[in-house]
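One file, final24.cif, carrying mmCIF, C-alpha atoms:
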```cif
data_structure
loop_
_atom_site.group_PDB
_atom_site.id
_atom_site.type_symbol
_atom_site.label_atom_id
_atom_site.label_comp_id
_atom_site.auth_asym_id
_atom_site.auth_seq_id
_atom_site.Cartn_x
_atom_site.Cartn_y
_atom_site.Cartn_z
ATOM 1 C CA MET A 299 0.000 0.000 0.000
ATOM 2 C CA LEU A 300 1.289 3.459 -0.909
ATOM 3 C CA ASN A 301 0.802 5.109 2.485
ATOM 4 C CA LEU A 302 1.886 8.710 2.064
ATOM 5 C CA SER A 303 2.185 10.894 5.145
ATOM 6 C CA ASN A 304 5.722 12.303 4.952
ATOM 7 C CA LEU A 305 7.131 13.521 1.613
ATOM 8 C CA LEU A 306 10.540 14.903 0.683
ATOM 9 C CA ALA A 307 11.013 17.221 -2.316
ATOM 10 C CA VAL A 308 14.584 17.582 -3.569
ATOM 11 C CA VAL A 309 15.725 20.872 -5.079
ATOM 12 C CA ASP A 310 18.978 20.780 -7.051
ATOM 13 C CA PHE A 311 20.275 24.325 -7.474
ATOM 14 C CA ARG A 312 22.325 23.190 -10.492
ATOM 15 C CA GLN A 313 19.073 22.770 -12.430
ATOM 16 C CA SER A 314 17.152 25.637 -13.985
ATOM 17 C CA GLU A 315 13.737 24.014 -13.546
ATOM 18 C CA HIS A 316 12.346 22.545 -10.322
ATOM 19 C CA TYR A 317 9.368 20.482 -11.461
ATOM 20 C CA ALA A 318 9.499 18.264 -8.386
ATOM 21 C CA LEU A 319 8.447 21.092 -6.089
ATOM 22 C CA PRO A 320 4.918 21.764 -7.437
ATOM 23 C CA ARG A 321 4.437 18.010 -7.937
ATOM 24 C CA ALA A 322 5.320 17.279 -4.310
ATOM 25 C CA ILE A 323 2.999 20.046 -3.110
ATOM 26 C CA GLU A 324 0.172 18.623 -5.239
ATOM 27 C CA LEU A 325 0.726 15.135 -3.817
ATOM 28 C CA ALA A 326 0.886 16.522 -0.288
ATOM 29 C CA LYS A 327 -2.530 18.087 -0.843
ATOM 30 C CA LEU A 328 -4.020 14.939 -2.385
ATOM 31 C CA PHE A 329 -2.813 12.648 0.395
ATOM 32 C CA ASN A 330 -2.849 15.178 3.259
ATOM 33 C CA CYS A 331 0.902 14.824 3.894
ATOM 34 C CA LYS A 332 3.633 16.746 5.602
ATOM 35 C CA LEU A 333 6.244 18.013 3.131
ATOM 36 C CA THR A 334 9.947 18.656 3.615
ATOM 37 C CA VAL A 335 11.835 20.605 0.944
ATOM 38 C CA ILE A 336 15.573 19.989 0.888
ATOM 39 C CA ALA A 337 18.672 21.242 -0.917
ATOM 40 C CA ASN A 338 22.391 20.642 -0.514
ATOM 41 C CA VAL A 339 25.063 23.361 -0.479
ATOM 42 C CA PHE A 340 28.822 23.406 -0.126
ATOM 43 C CA GLU A 341 31.392 26.149 -0.618
ATOM 44 C CA SER A 342 34.502 24.378 -1.881
ATOM 45 C CA TYR A 343 36.772 27.295 -1.038
ATOM 46 C CA THR A 344 36.216 26.653 2.662
ATOM 47 C CA GLU A 345 38.492 23.618 2.382
ATOM 48 C CA LEU A 346 41.341 25.953 1.402
ATOM 49 C CA LEU A 347 40.534 28.328 4.253
ATOM 50 C CA SER A 348 40.558 25.638 6.914
ATOM 51 C CA LEU A 349 44.239 26.363 7.657
ATOM 52 C CA TYR A 350 43.489 29.935 8.682
ATOM 53 C CA SER A 351 42.248 30.050 12.237
ATOM 54 C CA ALA A 352 41.261 33.698 11.982
ATOM 55 C CA ILE A 353 38.447 32.850 9.553
ATOM 56 C CA ASN A 354 35.196 31.662 11.074
ATOM 57 C CA LEU A 355 34.306 28.735 8.810
ATOM 58 C CA GLU A 356 31.247 27.844 10.855
ATOM 59 C CA GLU A 357 29.811 31.296 10.213
ATOM 60 C CA ILE A 358 30.448 30.945 6.461
ATOM 61 C CA LYS A 359 28.744 27.559 6.487
ATOM 62 C CA GLN A 360 25.746 28.831 8.425
ATOM 63 C CA ASN A 361 25.338 31.857 6.166
ATOM 64 C CA ALA A 362 25.374 29.599 3.089
ATOM 65 C CA ILE A 363 22.764 27.321 4.651
ATOM 66 C CA ASN A 364 20.547 30.263 5.624
ATOM 67 C CA GLU A 365 20.762 31.715 2.114
ATOM 68 C CA ALA A 366 19.874 28.356 0.566
ATOM 69 C CA LYS A 367 16.935 27.925 2.913
ATOM 70 C CA GLN A 368 15.630 31.358 1.899
ATOM 71 C CA GLN A 369 15.983 30.302 -1.765
ATOM 72 C CA LEU A 370 13.812 27.281 -1.051
ATOM 73 C CA ILE A 371 11.189 29.469 0.579
ATOM 74 C CA ASN A 372 11.257 31.845 -2.401
ATOM 75 C CA LEU A 373 10.769 28.944 -4.817
ATOM 76 C CA THR A 374 7.852 27.587 -2.797
ATOM 77 C CA ASP A 375 6.012 30.834 -2.061
ATOM 78 C CA PRO A 376 4.445 31.300 -5.553
ATOM 79 C CA ILE A 377 2.898 27.808 -5.382
ATOM 80 C CA PRO A 378 -0.386 27.668 -3.387
ATOM 81 C CA HIS A 379 0.340 25.610 -0.274
ATOM 82 C CA ASP A 380 -1.588 27.214 2.585
ATOM 83 C CA ASP A 381 -3.225 23.965 3.647
ATOM 84 C CA ILE A 382 -0.083 21.823 4.025
ATOM 85 C CA GLU A 383 2.786 21.790 6.522
ATOM 86 C CA ILE A 384 6.188 22.499 4.918
ATOM 87 C CA ASP A 385 9.593 22.209 6.534
ATOM 88 C CA TYR A 386 12.827 23.438 4.900
ATOM 89 C CA GLN A 387 16.144 21.657 5.276
ATOM 90 C CA VAL A 388 19.618 22.289 3.841
ATOM 91 C CA THR A 389 22.483 19.806 4.034
ATOM 92 C CA TRP A 390 26.167 20.742 3.845
ATOM 93 C CA ASN A 391 28.138 18.169 1.898
ATOM 94 C CA PRO A 392 30.726 18.217 -0.929
ATOM 95 C CA SER A 393 28.607 15.622 -2.721
ATOM 96 C CA LEU A 394 24.931 16.220 -3.478
ATOM 97 C CA HIS A 395 24.007 12.536 -3.521
ATOM 98 C CA SER A 396 25.914 11.841 -0.281
ATOM 99 C CA GLY A 397 24.156 14.681 1.523
ATOM 100 C CA LEU A 398 20.759 13.552 0.236
ATOM 101 C CA THR A 399 21.128 9.824 0.873
ATOM 102 C CA GLU A 400 22.455 10.401 4.379
ATOM 103 C CA TYR A 401 19.508 12.658 5.258
ATOM 104 C CA ILE A 402 16.955 10.342 3.640
ATOM 105 C CA ASN A 403 18.292 7.267 5.429
ATOM 106 C CA GLN A 404 18.168 9.076 8.771
ATOM 107 C CA ASN A 405 14.517 10.050 8.393
ATOM 108 C CA ASN A 406 11.302 8.166 7.713
ATOM 109 C CA PHE A 407 10.061 9.488 4.393
ATOM 110 C CA ASP A 408 7.401 7.642 2.430
ATOM 111 C CA LEU A 409 8.376 9.186 -0.896
ATOM 112 C CA VAL A 410 11.191 11.291 -2.347
ATOM 113 C CA VAL A 411 10.234 13.571 -5.256
ATOM 114 C CA LYS A 412 13.047 14.799 -7.499
ATOM 115 C CA THR A 413 13.353 16.524 -10.851
ATOM 116 C CA THR A 414 15.319 14.245 -13.140
ATOM 117 C CA ARG A 415 17.492 15.186 -16.081
ATOM 118 C CA LYS A 416 18.947 13.475 -19.116
ATOM 119 C CA HIS A 417 22.421 12.026 -18.584
ATOM 120 C CA ASN A 418 24.927 11.780 -21.393
ATOM 121 C CA VAL A 419 26.940 8.616 -22.028
ATOM 122 C CA LEU A 420 30.170 10.031 -20.593
ATOM 123 C CA GLU A 421 28.462 10.895 -17.304
ATOM 124 C CA LYS A 422 27.172 7.348 -16.949
ATOM 125 C CA ILE A 423 30.610 5.868 -17.565
ATOM 126 C CA LEU A 424 32.573 8.198 -15.293
ATOM 127 C CA PHE A 425 30.220 8.360 -12.332
ATOM 128 C CA THR A 426 26.786 7.326 -11.163
ATOM 129 C CA PRO A 427 24.319 10.237 -11.437
ATOM 130 C CA THR A 428 22.475 11.450 -8.359
ATOM 131 C CA ASP A 429 19.231 9.876 -9.575
ATOM 132 C CA TRP A 430 20.873 6.460 -9.652
ATOM 133 C CA HIS A 431 22.276 6.912 -6.141
ATOM 134 C CA LEU A 432 18.755 7.594 -4.858
ATOM 135 C CA LEU A 433 17.675 4.293 -6.413
ATOM 136 C CA ARG A 434 20.635 2.297 -5.139
ATOM 137 C CA ASP A 435 21.533 3.834 -1.779
ATOM 138 C CA THR A 436 18.161 4.406 -0.105
ATOM 139 C CA GLU A 437 15.179 2.251 0.839
ATOM 140 C CA THR A 438 12.689 5.024 0.085
ATOM 141 C CA ASN A 439 10.409 5.121 -2.964
ATOM 142 C CA VAL A 440 11.387 7.828 -5.458
ATOM 143 C CA LEU A 441 9.258 9.785 -7.943
ATOM 144 C CA PHE A 442 11.293 11.258 -10.804
ATOM 145 C CA VAL A 443 9.584 14.264 -12.410
ATOM 146 C CA GLN A 444 10.341 15.448 -15.947
ATOM 147 C CA THR A 445 7.665 17.991 -16.810
ATOM 148 C CA GLU A 446 5.819 20.866 -15.199
ATOM 149 C CA ASN A 447 2.229 19.740 -15.765
ATOM 150 C CA TRP A 448 0.425 16.426 -15.849
ATOM 151 C CA LYS A 449 -1.299 15.635 -19.128
ATOM 152 C CA ALA A 450 -5.072 15.730 -19.476
ATOM 153 C CA LYS A 451 -6.837 12.422 -20.210
ATOM 154 C CA SER A 452 -3.837 10.361 -19.246
ATOM 155 C CA SER A 453 -3.284 7.174 -17.266
ATOM 156 C CA ILE A 454 -0.994 5.457 -14.763
ATOM 157 C CA LEU A 455 1.022 2.467 -15.959
ATOM 158 C CA GLY A 456 2.236 -0.154 -13.489
ATOM 159 C CA ALA A 457 5.062 -2.314 -14.858
ATOM 160 C CA ILE A 458 5.391 -5.665 -13.112
ATOM 161 C CA ASN A 459 7.648 -8.677 -13.569
ATOM 162 C CA ILE A 460 5.871 -12.021 -13.422
ATOM 163 C CA ASN A 461 8.291 -14.252 -11.566
ATOM 164 C CA ASP A 462 8.023 -17.113 -9.067
ATOM 165 C CA ASP A 463 10.488 -15.358 -6.791
ATOM 166 C CA VAL A 464 8.867 -14.243 -3.500
ATOM 167 C CA LYS A 465 10.570 -10.832 -3.586
ATOM 168 C CA HIS A 466 9.248 -10.142 -7.081
ATOM 169 C CA LYS A 467 5.751 -11.157 -6.029
ATOM 170 C CA LYS A 468 5.764 -8.757 -3.076
ATOM 171 C CA LEU A 469 7.170 -6.006 -5.283
ATOM 172 C CA ASN A 470 4.431 -6.645 -7.852
ATOM 173 C CA GLU A 471 1.817 -6.255 -5.123
ATOM 174 C CA LYS A 472 3.260 -2.879 -4.121
ATOM 175 C CA ILE A 473 3.363 -1.729 -7.748
ATOM 176 C CA ILE A 474 -0.254 -2.696 -8.436
ATOM 177 C CA GLN A 475 -1.458 -1.064 -5.208
ATOM 178 C CA ALA A 476 0.470 2.156 -5.906
ATOM 179 C CA THR A 477 -0.807 2.263 -9.509
ATOM 180 C CA SER A 478 -4.412 1.862 -8.383
ATOM 181 C CA GLN A 479 -4.092 4.435 -5.590
ATOM 182 C CA LEU A 480 -2.494 7.087 -7.773
ATOM 183 C CA ALA A 481 -5.048 6.561 -10.537
ATOM 184 C CA THR A 482 -7.874 6.989 -8.036
ATOM 185 C CA ALA A 483 -6.312 10.123 -6.541
ATOM 186 C CA LEU A 484 -5.631 11.647 -9.959
ATOM 187 C CA ASN A 485 -8.937 10.478 -11.460
ATOM 188 C CA CYS A 486 -7.417 8.592 -14.377
ATOM 189 C CA LYS A 487 -7.127 5.033 -15.692
ATOM 190 C CA SER A 488 -4.769 2.420 -14.281
ATOM 191 C CA ASN A 489 -3.094 -0.154 -16.544
ATOM 192 C CA ILE A 490 -0.733 -3.012 -15.676
ATOM 193 C CA PHE A 491 2.040 -4.047 -18.071
ATOM 194 C CA ASN A 492 4.232 -7.142 -18.178
ATOM 195 C CA ALA A 493 6.919 -7.790 -20.791
ATOM 196 C CA PHE A 494 8.513 -11.102 -21.596
ATOM 197 C CA PRO A 495 11.038 -12.176 -24.252
ATOM 198 C CA TRP A 496 10.316 -15.163 -26.449
ATOM 199 C CA PRO A 497 12.204 -18.306 -25.402
ATOM 200 C CA ALA A 498 15.268 -19.058 -27.509
ATOM 201 C CA ILE A 499 14.225 -22.207 -29.349
ATOM 202 C CA ASP A 500 15.961 -23.796 -32.329
ATOM 203 C CA LEU A 501 12.854 -24.234 -34.472
ATOM 204 C CA GLU A 502 14.826 -25.799 -37.302
ATOM 205 C CA ARG A 503 15.845 -28.721 -35.119
ATOM 206 C CA PHE A 504 12.762 -29.143 -32.948
ATOM 207 C CA ASN A 505 9.830 -28.015 -35.089
ATOM 208 C CA HIS A 506 8.573 -31.595 -35.177
ATOM 209 C CA LEU A 507 7.899 -31.432 -31.420
ATOM 210 C CA PHE A 508 5.430 -28.552 -31.402
ATOM 211 C CA ASP A 509 3.475 -26.096 -33.481
ATOM 212 C CA LYS A 510 5.252 -22.704 -33.387
ATOM 213 C CA GLN A 511 2.109 -20.548 -33.457
ATOM 214 C CA ASP A 512 0.284 -22.566 -30.822
ATOM 215 C CA LEU A 513 3.309 -22.453 -28.489
ATOM 216 C CA PHE A 514 3.635 -18.656 -28.660
ATOM 217 C CA LEU A 515 -0.105 -18.150 -28.199
ATOM 218 C CA GLU A 516 -0.012 -20.442 -25.193
ATOM 219 C CA ILE A 517 2.884 -18.517 -23.619
ATOM 220 C CA LYS A 518 1.115 -15.189 -24.186
ATOM 221 C CA SER A 519 -2.150 -16.549 -22.803
ATOM 222 C CA LYS A 520 -0.344 -17.828 -19.706
ATOM 223 C CA HIS A 521 1.183 -14.390 -19.059
ATOM 224 C CA PHE A 522 -2.251 -12.766 -19.371
ATOM 225 C CA GLU A 523 -3.567 -15.226 -16.815
ATOM 226 C CA LEU A 524 -0.686 -14.609 -14.408
ATOM 227 C CA VAL A 525 -0.971 -10.820 -14.685
ATOM 228 C CA ASN A 526 -4.739 -10.871 -14.132
ATOM 229 C CA ASN A 527 -4.284 -13.190 -11.147
ATOM 230 C CA ALA A 528 -1.693 -10.828 -9.665
ATOM 231 C CA VAL A 529 -4.093 -7.901 -10.043
ATOM 232 C CA ASP A 530 -7.047 -9.826 -8.587
ATOM 233 C CA GLU A 531 -5.018 -10.812 -5.515
ATOM 234 C CA VAL A 532 -4.265 -7.171 -4.694
ATOM 235 C CA GLY A 533 -7.307 -5.222 -5.830
ATOM 236 C CA SER A 534 -8.488 -3.935 -9.180
ATOM 237 C CA ILE A 535 -7.528 -1.630 -12.021
ATOM 238 C CA THR A 536 -9.755 0.606 -14.120
ATOM 239 C CA GLY A 537 -7.826 0.020 -17.354
ATOM 240 C CA LYS A 538 -6.424 -3.231 -18.716
ATOM 241 C CA ALA A 539 -3.614 -5.758 -18.495
ATOM 242 C CA ILE A 540 -1.093 -5.317 -21.312
ATOM 243 C CA ILE A 541 1.383 -7.983 -22.396
ATOM 244 C CA GLY A 542 4.601 -7.017 -24.189
ATOM 245 C CA GLU A 543 5.364 -10.215 -26.056
ATOM 246 C CA GLY A 544 8.913 -10.728 -27.213
ATOM 247 C CA LEU A 545 10.149 -7.596 -25.419
ATOM 248 C CA GLU A 546 12.595 -6.778 -22.670
ATOM 249 C CA PRO A 547 11.102 -4.416 -20.036
ATOM 250 C CA GLU A 548 13.454 -1.533 -20.899
ATOM 251 C CA ASP A 549 12.310 -1.751 -24.523
ATOM 252 C CA GLY A 550 8.596 -2.250 -23.912
ATOM 253 C CA ILE A 551 7.887 0.167 -21.067
ATOM 254 C CA PRO A 552 8.707 3.437 -22.920
ATOM 255 C CA GLU A 553 6.606 2.393 -25.931
ATOM 256 C CA ILE A 554 3.595 1.272 -23.883
ATOM 257 C CA ALA A 555 3.803 4.387 -21.694
ATOM 258 C CA LYS A 556 3.616 6.523 -24.830
ATOM 259 C CA SER A 557 0.760 4.588 -26.440
ATOM 260 C CA THR A 558 -1.339 4.636 -23.239
ATOM 261 C CA PHE A 559 -0.714 8.366 -22.604
ATOM 262 C CA SER A 560 0.739 7.513 -19.198
ATOM 263 C CA GLN A 561 1.717 10.391 -16.953
ATOM 264 C CA ILE A 562 3.409 8.108 -14.427
ATOM 265 C CA VAL A 563 5.085 4.725 -14.831
ATOM 266 C CA VAL A 564 5.164 2.783 -11.559
ATOM 267 C CA MET A 565 7.859 0.128 -11.468
ATOM 268 C CA GLY A 566 9.976 -1.839 -9.052
ATOM 269 C CA THR A 567 13.693 -1.424 -8.596
ATOM 270 C CA VAL A 568 16.431 -3.452 -6.948
ATOM 271 C CA ARG A 569 19.453 -2.068 -5.174
ATOM 272 C CA ARG A 570 22.496 -3.103 -7.202
ATOM 273 C CA LYS A 571 25.898 -1.689 -6.296
ATOM 274 C CA GLY A 572 29.567 -2.108 -7.158
ATOM 275 C CA ILE A 573 30.845 -3.443 -10.480
ATOM 276 C CA GLU A 574 27.589 -5.284 -11.132
ATOM 277 C CA GLY A 575 25.588 -2.081 -10.720
ATOM 278 C CA MET A 576 27.964 -0.091 -12.944
ATOM 279 C CA LEU A 577 27.846 -2.639 -15.779
ATOM 280 C CA ILE A 578 24.263 -3.860 -15.509
ATOM 281 C CA GLY A 579 22.225 -1.227 -13.681
ATOM 282 C CA ASN A 580 18.519 -2.004 -13.373
ATOM 283 C CA THR A 581 15.452 -1.431 -15.482
ATOM 284 C CA ALA A 582 14.426 1.771 -13.678
ATOM 285 C CA GLU A 583 17.844 3.294 -14.337
ATOM 286 C CA LYS A 584 17.852 2.200 -17.976
ATOM 287 C CA ILE A 585 14.519 3.789 -18.849
ATOM 288 C CA LEU A 586 14.964 7.143 -17.072
ATOM 289 C CA ASP A 587 16.686 8.533 -20.169
ATOM 290 C CA GLN A 588 14.270 6.873 -22.605
ATOM 291 C CA ILE A 589 10.919 7.867 -21.189
ATOM 292 C CA ASN A 590 9.008 11.148 -21.398
ATOM 293 C CA CYS A 591 6.828 10.817 -18.324
ATOM 294 C CA GLU A 592 7.325 10.500 -14.593
ATOM 295 C CA VAL A 593 8.748 7.351 -13.061
ATOM 296 C CA LEU A 594 7.797 6.147 -9.594
ATOM 297 C CA ALA A 595 10.409 3.651 -8.415
ATOM 298 C CA ILE A 596 9.042 1.295 -5.767
ATOM 299 C CA LYS A 597 11.576 -0.387 -3.493
#
```

For this file, produce the structure as structure tokens.
Amino acid sequence: MLNLSNLLAVVDFRQSEHYALPRAIELAKLFNCKLTVIANVFESYTELLSLYSAINLEEIKQNAINEAKQQLINLTDPIPHDDIEIDYQVTWNPSLHSGLTEYINQNNFDLVVKTTRKHNVLEKILFTPTDWHLLRDTETNVLFVQTENWKAKSSILGAININDDVKHKKLNEKIIQATSQLATALNCKSNIFNAFPWPAIDLERFNHLFDKQDLFLEIKSKHFELVNNAVDEVGSITGKAIIGEGLEPEDGIPEIAKSTFSQIVVMGTVRRKGIEGMLIGNTAEKILDQINCEVLAIK
């Protein structure tokens, strides 16, 4: 169940647009939540001044934090928010993602809302972007926002992975519940999507054992059954179950999101670190740069 009572909106001063802020305020109104708005600051020159005892570094730090907090207030003021409680926090850390993940892991937030940005290939090779750190280094669900306004007559798409693994089953339940809840709150349709690749079969050698068309229809029919069963066990959806036959999730999700006019894709993510995480990543990370709607990553 997507129980929202304590939200965190991240403001990155390096970005020119802060779409996450109005989105977080809107969600706080819909779900009657408390909202914390956070930013990270650090003056790198203070490291060079640390050798000079005559300079009050603590005062410099505090002034920078106070100025950043006032910036957050100025960004929030034009957005109607009289009926919600907002707290403002500023972390001091040389690394944005370190400051954020440390604060998030020390507090009990139900959802982190952050404006995402496109990452070029060189960035992905040299370092892990902040968005990826939020996926990998925290246990909190994250909503990545790309645009200012939600589309009219749109839907919510929940992307699940039909698997016998217990962890995947529990994650699917969370995804379906979150998809249904958001669709109800936003008054739009909810759809559930599952993609599966075709099995690698040498038809030339084994075509005498089965009929190709009947086999593929049977596999697709089985996935429909499993997806509908997963939905029925959790609740209901107002849209439909969609099967991406012969597709990997990172290929199917962006296309289905576009064709269903989805404003949010709800999907599960696994925490994968180290060399494995750098080389493989996970589906949520792979589609962030391919998709033109919001992504809610469920942990």

- Message: Let me make sure I understand: among A:Gly550, A:Ile384, A:Gln561, A:Ser342, which one has the smallest atom-to-atom distance to Ala450 of chain A if we use all atoms listed in the file?
- Response: A:Gln561

- Message: Need to verify the contact set: segment 299-303 of chain A, 12 Å, all atoms listed in the file, exclusion of same-chain residues closer than 3 positions in sequence. Can you return it as a PyMOL selection string?
- Response: chain A and resi 306+322+325-334+382-383+406-410+438-440+468-481+483+532-533+564+594-597

- State, in Å with one decimal place, the distance from atom CA of Arg415 of chain A to atom CA of Gln444 of chain A. 7.2 Å

Within 8 Å of Leu319 of chain A, counting all atoms listed in the file, which residues qualify if same-chain residues fewer than 5 places away don't, as a PDB file with C-alpha atoms, in the frame of the given file?
```
ATOM      1  CA  ALA A 307      11.013  17.221  -2.316  1.00  0.00           C
ATOM      2  CA  VAL A 308      14.584  17.582  -3.569  1.00  0.00           C
ATOM      3  CA  VAL A 309      15.725  20.872  -5.079  1.00  0.00           C
ATOM      4  CA  VAL A 335      11.835  20.605   0.944  1.00  0.00           C
ATOM      5  CA  THR A 374       7.852  27.587  -2.797  1.00  0.00           C
ATOM      6  CA  VAL A 411      10.234  13.571  -5.256  1.00  0.00           C
ATOM      7  CA  LYS A 412      13.047  14.799  -7.499  1.00  0.00           C
TER       8      LYS A 412
END
```

- Item | Straight-line distance linking atom CA of Ile551 of chain A with atom CA of Asn527 of chain A, stated in Å to one decimal | 20.6 Å
